[in-house]
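A.B. asks: Sharing entry-v7.pdb, PDB, N, CA and C atoms:
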```pdb
ATOM      1  N   MET A 104     133.966  43.068 -44.513
ATOM      2  CA  MET A 104     133.815  43.955 -43.389
ATOM      3  C   MET A 104     135.159  44.627 -43.100
ATOM      4  N   ILE A 105     135.148  45.905 -43.095
ATOM      5  CA  ILE A 105     136.359  46.666 -42.846
ATOM      6  C   ILE A 105     136.349  47.137 -41.391
ATOM      7  N   THR A 106     137.448  46.863 -40.701
ATOM      8  CA  THR A 106     137.553  47.321 -39.318
ATOM      9  C   THR A 106     138.621  48.393 -39.241
ATOM     10  N   LYS A 107     138.424  49.311 -38.345
ATOM     11  CA  LYS A 107     139.412  50.365 -38.146
ATOM     12  C   LYS A 107     140.467  49.886 -37.158
ATOM     13  N   ARG A 108     141.673  50.157 -37.494
ATOM     14  CA  ARG A 108     142.774  49.826 -36.596
ATOM     15  C   ARG A 108     143.360  51.112 -36.059
ATOM     16  N   ARG A 109     143.801  51.048 -34.840
ATOM     17  CA  ARG A 109     144.395  52.234 -34.238
ATOM     18  C   ARG A 109     145.790  52.434 -34.823
ATOM     19  N   SER A 110     146.128  53.655 -35.056
ATOM     20  CA  SER A 110     147.448  53.948 -35.597
ATOM     21  C   SER A 110     148.508  53.744 -34.519
ATOM     22  N   ARG A 111     149.742  53.652 -34.949
ATOM     23  CA  ARG A 111     150.839  53.496 -33.988
ATOM     24  C   ARG A 111     150.896  54.669 -33.031
ATOM     25  N   LYS A 112     150.649  55.854 -33.545
ATOM     26  CA  LYS A 112     150.698  57.042 -32.693
ATOM     27  C   LYS A 112     149.672  56.935 -31.575
ATOM     28  N   LYS A 113     148.457  56.494 -31.905
ATOM     29  CA  LYS A 113     147.420  56.344 -30.885
ATOM     30  C   LYS A 113     147.784  55.256 -29.893
ATOM     31  N   ARG A 114     148.406  54.159 -30.377
ATOM     32  CA  ARG A 114     148.829  53.096 -29.467
ATOM     33  C   ARG A 114     149.913  53.594 -28.527
ATOM     34  N   ASN A 115     150.839  54.403 -29.056
ATOM     35  CA  ASN A 115     151.889  54.955 -28.211
ATOM     36  C   ASN A 115     151.313  55.889 -27.164
ATOM     37  N   ILE A 116     150.318  56.664 -27.551
ATOM     38  CA  ILE A 116     149.676  57.564 -26.599
ATOM     39  C   ILE A 116     148.968  56.746 -25.517
ATOM     40  N   ALA A 117     148.295  55.663 -25.922
ATOM     41  CA  ALA A 117     147.621  54.798 -24.955
ATOM     42  C   ALA A 117     148.631  54.201 -23.976
ATOM     43  N   TRP A 118     149.796  53.805 -24.486
ATOM     44  CA  TRP A 118     150.846  53.256 -23.614
ATOM     45  C   TRP A 118     151.326  54.327 -22.646
ATOM     46  N   GLU A 119     151.555  55.538 -23.133
ATOM     47  CA  GLU A 119     152.026  56.619 -22.265
ATOM     48  C   GLU A 119     151.016  56.950 -21.180
ATOM     49  N   GLN A 120     149.732  56.950 -21.522
ATOM     50  CA  GLN A 120     148.696  57.215 -20.534
ATOM     51  C   GLN A 120     148.664  56.121 -19.473
ATOM     52  N   ALA A 121     148.781  54.882 -19.901
ATOM     53  CA  ALA A 121     148.794  53.762 -18.955
ATOM     54  C   ALA A 121     150.027  53.830 -18.069
ATOM     55  N   GLU A 122     151.137  54.203 -18.641
ATOM     56  CA  GLU A 122     152.385  54.310 -17.883
ATOM     57  C   GLU A 122     152.273  55.402 -16.826
ATOM     58  N   LEU A 123     151.670  56.520 -17.188
ATOM     59  CA  LEU A 123     151.483  57.603 -16.221
ATOM     60  C   LEU A 123     150.560  57.180 -15.087
ATOM     61  N   SER A 124     149.507  56.463 -15.411
ATOM     62  CA  SER A 124     148.566  56.034 -14.374
ATOM     63  C   SER A 124     149.172  54.981 -13.450
ATOM     64  N   SER A 125     150.187  54.272 -13.935
ATOM     65  CA  SER A 125     150.823  53.242 -13.102
ATOM     66  C   SER A 125     151.904  53.817 -12.201
ATOM     67  N   GLY A 126     152.203  55.079 -12.363
ATOM     68  CA  GLY A 126     153.246  55.687 -11.541
ATOM     69  C   GLY A 126     154.646  55.290 -11.967
ATOM     70  N   GLY A 127     154.816  54.906 -13.216
ATOM     71  CA  GLY A 127     156.124  54.558 -13.741
ATOM     72  C   GLY A 127     156.470  53.078 -13.674
ATOM     73  N   LEU A 128     155.576  52.269 -13.114
ATOM     74  CA  LEU A 128     155.851  50.839 -12.983
ATOM     75  C   LEU A 128     155.975  50.162 -14.337
ATOM     76  N   TYR A 129     155.070  50.468 -15.267
ATOM     77  CA  TYR A 129     155.098  49.830 -16.575
ATOM     78  C   TYR A 129     156.364  50.198 -17.335
ATOM     79  N   ALA A 130     156.774  51.455 -17.265
ATOM     80  CA  ALA A 130     157.993  51.885 -17.960
ATOM     81  C   ALA A 130     159.220  51.211 -17.361
ATOM     82  N   GLN A 131     159.252  51.089 -16.060
ATOM     83  CA  GLN A 131     160.367  50.411 -15.403
ATOM     84  C   GLN A 131     160.440  48.956 -15.854
ATOM     85  N   ASN A 132     159.290  48.288 -15.869
ATOM     86  CA  ASN A 132     159.242  46.901 -16.344
ATOM     87  C   ASN A 132     159.659  46.811 -17.808
ATOM     88  N   PHE A 133     159.192  47.770 -18.625
ATOM     89  CA  PHE A 133     159.512  47.785 -20.051
ATOM     90  C   PHE A 133     161.021  47.862 -20.262
ATOM     91  N   HIS A 134     161.679  48.775 -19.581
ATOM     92  CA  HIS A 134     163.122  48.948 -19.749
ATOM     93  C   HIS A 134     163.897  47.740 -19.224
ATOM     94  N   GLU A 135     163.386  47.148 -18.164
ATOM     95  CA  GLU A 135     164.020  45.938 -17.627
ATOM     96  C   GLU A 135     163.935  44.778 -18.622
ATOM     97  N   VAL A 136     162.748  44.596 -19.209
ATOM     98  CA  VAL A 136     162.555  43.523 -20.193
ATOM     99  C   VAL A 136     163.393  43.787 -21.435
ATOM    100  N   LYS A 137     163.391  45.033 -21.897
ATOM    101  CA  LYS A 137     164.137  45.392 -23.112
ATOM    102  C   LYS A 137     165.637  45.166 -22.931
ATOM    103  N   ALA A 138     166.159  45.481 -21.752
ATOM    104  CA  ALA A 138     167.584  45.291 -21.491
ATOM    105  C   ALA A 138     167.939  43.816 -21.348
ATOM    106  N   LYS A 139     167.046  43.065 -20.725
ATOM    107  CA  LYS A 139     167.330  41.653 -20.464
ATOM    108  C   LYS A 139     167.120  40.778 -21.697
ATOM    109  N   TYR A 140     166.139  41.152 -22.538
ATOM    110  CA  TYR A 140     165.792  40.355 -23.714
ATOM    111  C   TYR A 140     165.771  41.238 -24.965
ATOM    112  N   PRO A 141     166.917  41.540 -25.537
ATOM    113  CA  PRO A 141     166.956  42.445 -26.701
ATOM    114  C   PRO A 141     166.327  41.864 -27.967
ATOM    115  N   LYS A 142     166.067  40.548 -27.999
ATOM    116  CA  LYS A 142     165.457  39.932 -29.183
ATOM    117  C   LYS A 142     163.988  40.295 -29.342
ATOM    118  N   LEU A 143     163.345  40.734 -28.274
ATOM    119  CA  LEU A 143     161.918  41.027 -28.329
ATOM    120  C   LEU A 143     161.644  42.335 -29.062
ATOM    121  N   THR A 144     160.516  42.381 -29.753
ATOM    122  CA  THR A 144     160.093  43.613 -30.428
ATOM    123  C   THR A 144     159.579  44.594 -29.370
ATOM    124  N   PRO A 145     159.460  45.871 -29.722
ATOM    125  CA  PRO A 145     158.935  46.840 -28.753
ATOM    126  C   PRO A 145     157.541  46.474 -28.230
ATOM    127  N   MET A 146     156.660  45.985 -29.108
ATOM    128  CA  MET A 146     155.320  45.617 -28.648
ATOM    129  C   MET A 146     155.368  44.403 -27.733
ATOM    130  N   GLN A 147     156.236  43.443 -28.036
ATOM    131  CA  GLN A 147     156.386  42.287 -27.154
ATOM    132  C   GLN A 147     156.924  42.724 -25.796
ATOM    133  N   CYS A 148     157.826  43.699 -25.796
ATOM    134  CA  CYS A 148     158.352  44.226 -24.530
ATOM    135  C   CYS A 148     157.243  44.900 -23.727
ATOM    136  N   ARG A 149     156.375  45.635 -24.412
ATOM    137  CA  ARG A 149     155.254  46.286 -23.715
ATOM    138  C   ARG A 149     154.326  45.250 -23.107
ATOM    139  N   VAL A 150     153.999  44.238 -23.890
ATOM    140  CA  VAL A 150     153.118  43.183 -23.386
ATOM    141  C   VAL A 150     153.779  42.482 -22.206
ATOM    142  N   CYS A 151     155.053  42.180 -22.316
ATOM    143  CA  CYS A 151     155.768  41.521 -21.218
ATOM    144  C   CYS A 151     155.826  42.408 -19.974
ATOM    145  N   ALA A 152     155.981  43.706 -20.172
ATOM    146  CA  ALA A 152     155.991  44.631 -19.034
ATOM    147  C   ALA A 152     154.659  44.599 -18.304
ATOM    148  N   LEU A 153     153.580  44.497 -19.051
ATOM    149  CA  LEU A 153     152.262  44.432 -18.433
ATOM    150  C   LEU A 153     151.995  43.058 -17.827
ATOM    151  N   VAL A 154     152.586  42.014 -18.421
ATOM    152  CA  VAL A 154     152.488  40.672 -17.834
ATOM    153  C   VAL A 154     153.212  40.662 -16.487
ATOM    154  N   MET A 155     154.348  41.343 -16.422
ATOM    155  CA  MET A 155     155.084  41.435 -15.165
ATOM    156  C   MET A 155     154.265  42.121 -14.078
ATOM    157  N   ALA A 156     153.372  43.015 -14.491
ATOM    158  CA  ALA A 156     152.487  43.695 -13.545
ATOM    159  C   ALA A 156     151.291  42.817 -13.181
ATOM    160  N   MET A 157     151.290  41.564 -13.673
ATOM    161  CA  MET A 157     150.259  40.569 -13.382
ATOM    162  C   MET A 157     148.883  40.967 -13.909
ATOM    163  N   LEU A 158     148.866  41.611 -15.072
ATOM    164  CA  LEU A 158     147.600  41.984 -15.691
ATOM    165  C   LEU A 158     147.135  40.878 -16.633
ATOM    166  N   PRO A 159     145.831  40.617 -16.682
ATOM    167  CA  PRO A 159     145.319  39.613 -17.620
ATOM    168  C   PRO A 159     145.343  40.142 -19.052
ATOM    169  N   SER A 160     145.242  39.242 -20.000
ATOM    170  CA  SER A 160     145.331  39.617 -21.416
ATOM    171  C   SER A 160     144.265  40.616 -21.830
ATOM    172  N   TRP A 161     143.047  40.477 -21.317
ATOM    173  CA  TRP A 161     141.993  41.415 -21.716
ATOM    174  C   TRP A 161     142.306  42.836 -21.245
ATOM    175  N   LYS A 162     142.943  42.962 -20.081
ATOM    176  CA  LYS A 162     143.302  44.290 -19.569
ATOM    177  C   LYS A 162     144.477  44.858 -20.354
ATOM    178  N   ILE A 163     145.427  44.018 -20.715
ATOM    179  CA  ILE A 163     146.559  44.453 -21.537
ATOM    180  C   ILE A 163     146.052  44.948 -22.883
ATOM    181  N   ALA A 164     145.109  44.219 -23.461
ATOM    182  CA  ALA A 164     144.526  44.615 -24.745
ATOM    183  C   ALA A 164     143.840  45.968 -24.623
ATOM    184  N   GLU A 165     143.130  46.170 -23.542
ATOM    185  CA  GLU A 165     142.443  47.442 -23.311
ATOM    186  C   GLU A 165     143.443  48.586 -23.176
ATOM    187  N   ILE A 166     144.516  48.363 -22.455
ATOM    188  CA  ILE A 166     145.532  49.402 -22.241
ATOM    189  C   ILE A 166     146.242  49.758 -23.543
ATOM    190  N   LEU A 167     146.616  48.743 -24.315
ATOM    191  CA  LEU A 167     147.386  48.980 -25.533
ATOM    192  C   LEU A 167     146.525  49.303 -26.750
ATOM    193  N   GLY A 168     145.227  49.116 -26.627
ATOM    194  CA  GLY A 168     144.341  49.422 -27.743
ATOM    195  C   GLY A 168     144.434  48.414 -28.874
ATOM    196  N   ILE A 169     144.665  47.155 -28.512
ATOM    197  CA  ILE A 169     144.722  46.072 -29.495
ATOM    198  C   ILE A 169     143.761  44.986 -29.046
ATOM    199  N   SER A 170     143.554  43.987 -29.869
ATOM    200  CA  SER A 170     142.624  42.921 -29.497
ATOM    201  C   SER A 170     143.292  41.953 -28.520
ATOM    202  N   GLU A 171     142.451  41.233 -27.809
ATOM    203  CA  GLU A 171     142.958  40.247 -26.860
ATOM    204  C   GLU A 171     143.715  39.133 -27.586
ATOM    205  N   ARG A 172     143.256  38.791 -28.768
ATOM    206  CA  ARG A 172     143.926  37.770 -29.578
ATOM    207  C   ARG A 172     145.341  38.227 -29.956
ATOM    208  N   THR A 173     145.489  39.502 -30.280
ATOM    209  CA  THR A 173     146.812  40.037 -30.612
ATOM    210  C   THR A 173     147.733  39.976 -29.401
ATOM    211  N   VAL A 174     147.195  40.266 -28.234
ATOM    212  CA  VAL A 174     147.985  40.155 -27.004
ATOM    213  C   VAL A 174     148.453  38.715 -26.819
ATOM    214  N   GLU A 175     147.546  37.773 -27.024
ATOM    215  CA  GLU A 175     147.912  36.366 -26.885
ATOM    216  C   GLU A 175     149.005  35.974 -27.886
ATOM    217  N   ASN A 176     148.933  36.513 -29.103
ATOM    218  CA  ASN A 176     149.977  36.241 -30.100
ATOM    219  C   ASN A 176     151.321  36.809 -29.656
ATOM    220  N   HIS A 177     151.326  38.036 -29.130
ATOM    221  CA  HIS A 177     152.575  38.634 -28.646
ATOM    222  C   HIS A 177     153.131  37.838 -27.466
ATOM    223  N   ARG A 178     152.253  37.402 -26.585
ATOM    224  CA  ARG A 178     152.703  36.591 -25.451
ATOM    225  C   ARG A 178     153.327  35.280 -25.936
ATOM    226  N   TYR A 179     152.692  34.653 -26.917
ATOM    227  CA  TYR A 179     153.205  33.387 -27.431
ATOM    228  C   TYR A 179     154.570  33.579 -28.099
ATOM    229  N   LYS A 180     154.711  34.631 -28.911
ATOM    230  CA  LYS A 180     155.987  34.869 -29.586
ATOM    231  C   LYS A 180     157.087  35.232 -28.588
ATOM    232  N   ALA A 181     156.731  35.976 -27.544
ATOM    233  CA  ALA A 181     157.711  36.283 -26.496
ATOM    234  C   ALA A 181     158.094  35.001 -25.767
ATOM    235  N   HIS A 182     157.121  34.151 -25.540
ATOM    236  CA  HIS A 182     157.354  32.850 -24.910
ATOM    237  C   HIS A 182     158.368  32.042 -25.706
ATOM    238  N   LEU A 183     158.214  32.027 -27.033
ATOM    239  CA  LEU A 183     159.157  31.302 -27.891
ATOM    240  C   LEU A 183     160.534  31.955 -27.886
ATOM    241  N   ALA A 184     160.568  33.278 -27.930
ATOM    242  CA  ALA A 184     161.845  33.994 -27.963
ATOM    243  C   ALA A 184     162.632  33.805 -26.673
ATOM    244  N   LEU A 185     161.930  33.679 -25.555
ATOM    245  CA  LEU A 185     162.601  33.508 -24.270
ATOM    246  C   LEU A 185     162.978  32.060 -24.005
ATOM    247  N   GLY A 186     162.453  31.153 -24.816
ATOM    248  CA  GLY A 186     162.777  29.748 -24.650
ATOM    249  C   GLY A 186     162.147  29.113 -23.433
ATOM    250  N   CYS A 187     160.975  29.596 -23.044
ATOM    251  CA  CYS A 187     160.272  29.019 -21.900
ATOM    252  C   CYS A 187     159.747  27.639 -22.264
ATOM    253  N   GLU A 188     159.756  26.745 -21.298
ATOM    254  CA  GLU A 188     159.331  25.373 -21.557
ATOM    255  C   GLU A 188     157.818  25.249 -21.645
ATOM    256  N   THR A 189     157.107  25.908 -20.775
ATOM    257  CA  THR A 189     155.649  25.850 -20.803
ATOM    258  C   THR A 189     155.097  27.265 -20.852
ATOM    259  N   TYR A 190     153.835  27.381 -21.244
ATOM    260  CA  TYR A 190     153.224  28.701 -21.394
ATOM    261  C   TYR A 190     153.159  29.436 -20.059
ATOM    262  N   ASP A 191     152.960  28.702 -18.968
ATOM    263  CA  ASP A 191     152.867  29.331 -17.652
ATOM    264  C   ASP A 191     154.196  29.917 -17.201
ATOM    265  N   ARG A 192     155.267  29.488 -17.793
ATOM    266  CA  ARG A 192     156.592  29.944 -17.372
ATOM    267  C   ARG A 192     156.932  31.373 -17.816
ATOM    268  N   LEU A 193     156.145  31.969 -18.712
ATOM    269  CA  LEU A 193     156.445  33.320 -19.188
ATOM    270  C   LEU A 193     156.464  34.299 -18.023
ATOM    271  N   GLU A 194     155.444  34.250 -17.182
ATOM    272  CA  GLU A 194     155.403  35.149 -16.032
ATOM    273  C   GLU A 194     156.587  34.912 -15.108
ATOM    274  N   LYS A 195     156.898  33.648 -14.873
ATOM    275  CA  LYS A 195     158.010  33.319 -13.983
ATOM    276  C   LYS A 195     159.349  33.729 -14.597
ATOM    277  N   ALA A 196     159.489  33.575 -15.890
ATOM    278  CA  ALA A 196     160.744  33.948 -16.556
ATOM    279  C   ALA A 196     160.963  35.457 -16.508
ATOM    280  N   LEU A 197     159.884  36.201 -16.614
ATOM    281  CA  LEU A 197     159.998  37.652 -16.581
ATOM    282  C   LEU A 197     160.272  38.189 -15.189
ATOM    283  N   ILE A 198     159.718  37.519 -14.198
ATOM    284  CA  ILE A 198     159.893  37.979 -12.814
ATOM    285  C   ILE A 198     161.154  37.387 -12.271
TER     286      ILE A 198
END
```
Could you take the file, read its structure, and then write that structure out as structure tokens?

C.D. replies:
Amino acid sequence: MITKRRSRKKRNIAWEQAELSSGGLYAQNFHEVKAKYPKLTPMQCRVCALVMAMLPSWKIAEILGISERTVENHRYKAHLALGCETYDRLEKALI
């Protein structure tokens, strides 16, 4: 079974649309996360920015145009990169 994946360009457009609808909150969070944690990839920074906005994984997946499982993987890898002790600490570490 072949599934279609969204191109990077489409994902970037989806991020820009979400950022515009948030009134700049997501972009502000993104730049804050990127400056504070340079080890994170751009997609991990986007996911973390949306986590900071207290959005659930299914909503983050919808905004970024990726699967919920992929969001969970990005959250887990960001969790490891930040050195959080427990999974619940990701939100607290970012805020």

A.B. asks: Choose the residue, out of A:Gly126, A:Tyr140, A:Ile169, A:Phe133, that has the smallest atom-to-atom separation from Leu153 of chain A; count all atoms listed in the file.

C.D. replies: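 Ranked by minimum distance to Leu153 of chain A, first place goes to A:Phe133.
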
A.B. asks: Could you give me, as a ChimeraX atom specification, the residues within 6 Å of Ser160 of chain A, counting all atoms listed in the file and dropping anything in the same chain fewer than 4 positions from it?

C.D. replies: /A:164-165,171

A.B. asks: Using only C-alpha atoms, which of A:Ser124, A:Ile116, A:Lys162, A:Leu197 sits nearest Ala138 of chain A?

C.D. replies: A:Leu197

A.B. asks: So the first atom is atom CA of His177 of chain A and the second is atom CA of Gln147 of chain A; what is the distance between them in Å, to one decimal place?

C.D. replies: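 These atoms are spaced 5.5 Å apart.
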
A.B. asks: Just how far from atom C of Ala152 of chain A is atom N of Ser125 of chain A, in Å to one decimal?

C.D. replies: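 Taking atom N of Ser125 of chain A and atom C of Ala152 of chain A, their separation equals 11.5 Å.
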
A.B. asks: Which centre and edge lengths in Å to one decimal define the box along x, y and z that fits every listed atom of segment 151-159 of chain A plus 4 Å per side, as lines of an AutoDock Vina configuration file?

C.D. replies:
```
center_x = 150.7
center_y = 42.1
center_z = -17.7
size_x = 18.7
size_y = 13.0
size_z = 17.1
```

A.B. asks: What is the distance between atom CA of Lys180 of chain A and atom N of Leu123 of chain A, in Å to one decimal?

C.D. replies: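 Between atom CA of Lys180 of chain A and atom N of Leu123 of chain A the gap works out to 25.3 Å.
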
A.B. asks: Kindly indicate which residue among A:Glu135, A:Glu122, A:Glu175, A:Glu194 lies nearest to Val154 of chain A, using all atoms listed in the file for the distances.

C.D. replies: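 Looking only at the distances to Val154 of chain A, the closest residue turns out to be A:Glu194.
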
A.B. asks: Quick one: of A:Val174, A:Pro159, A:Gly186, A:Ala196, who's nearest to Met146 of chain A, counting only C-alpha atoms?

C.D. replies: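 Between A:Val174, A:Pro159, A:Gly186, A:Ala196, the residue approaching Met146 of chain A most closely is A:Val174.
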
A.B. asks: Kindly provide, as a PyMOL selection string, the polymer residues lying within 6 Å of (162.3, 42.3, -24.1), counting all atoms listed in the file and using the coordinates exactly as they appear in the file.

C.D. replies: chain A and resi 136-144+147-148
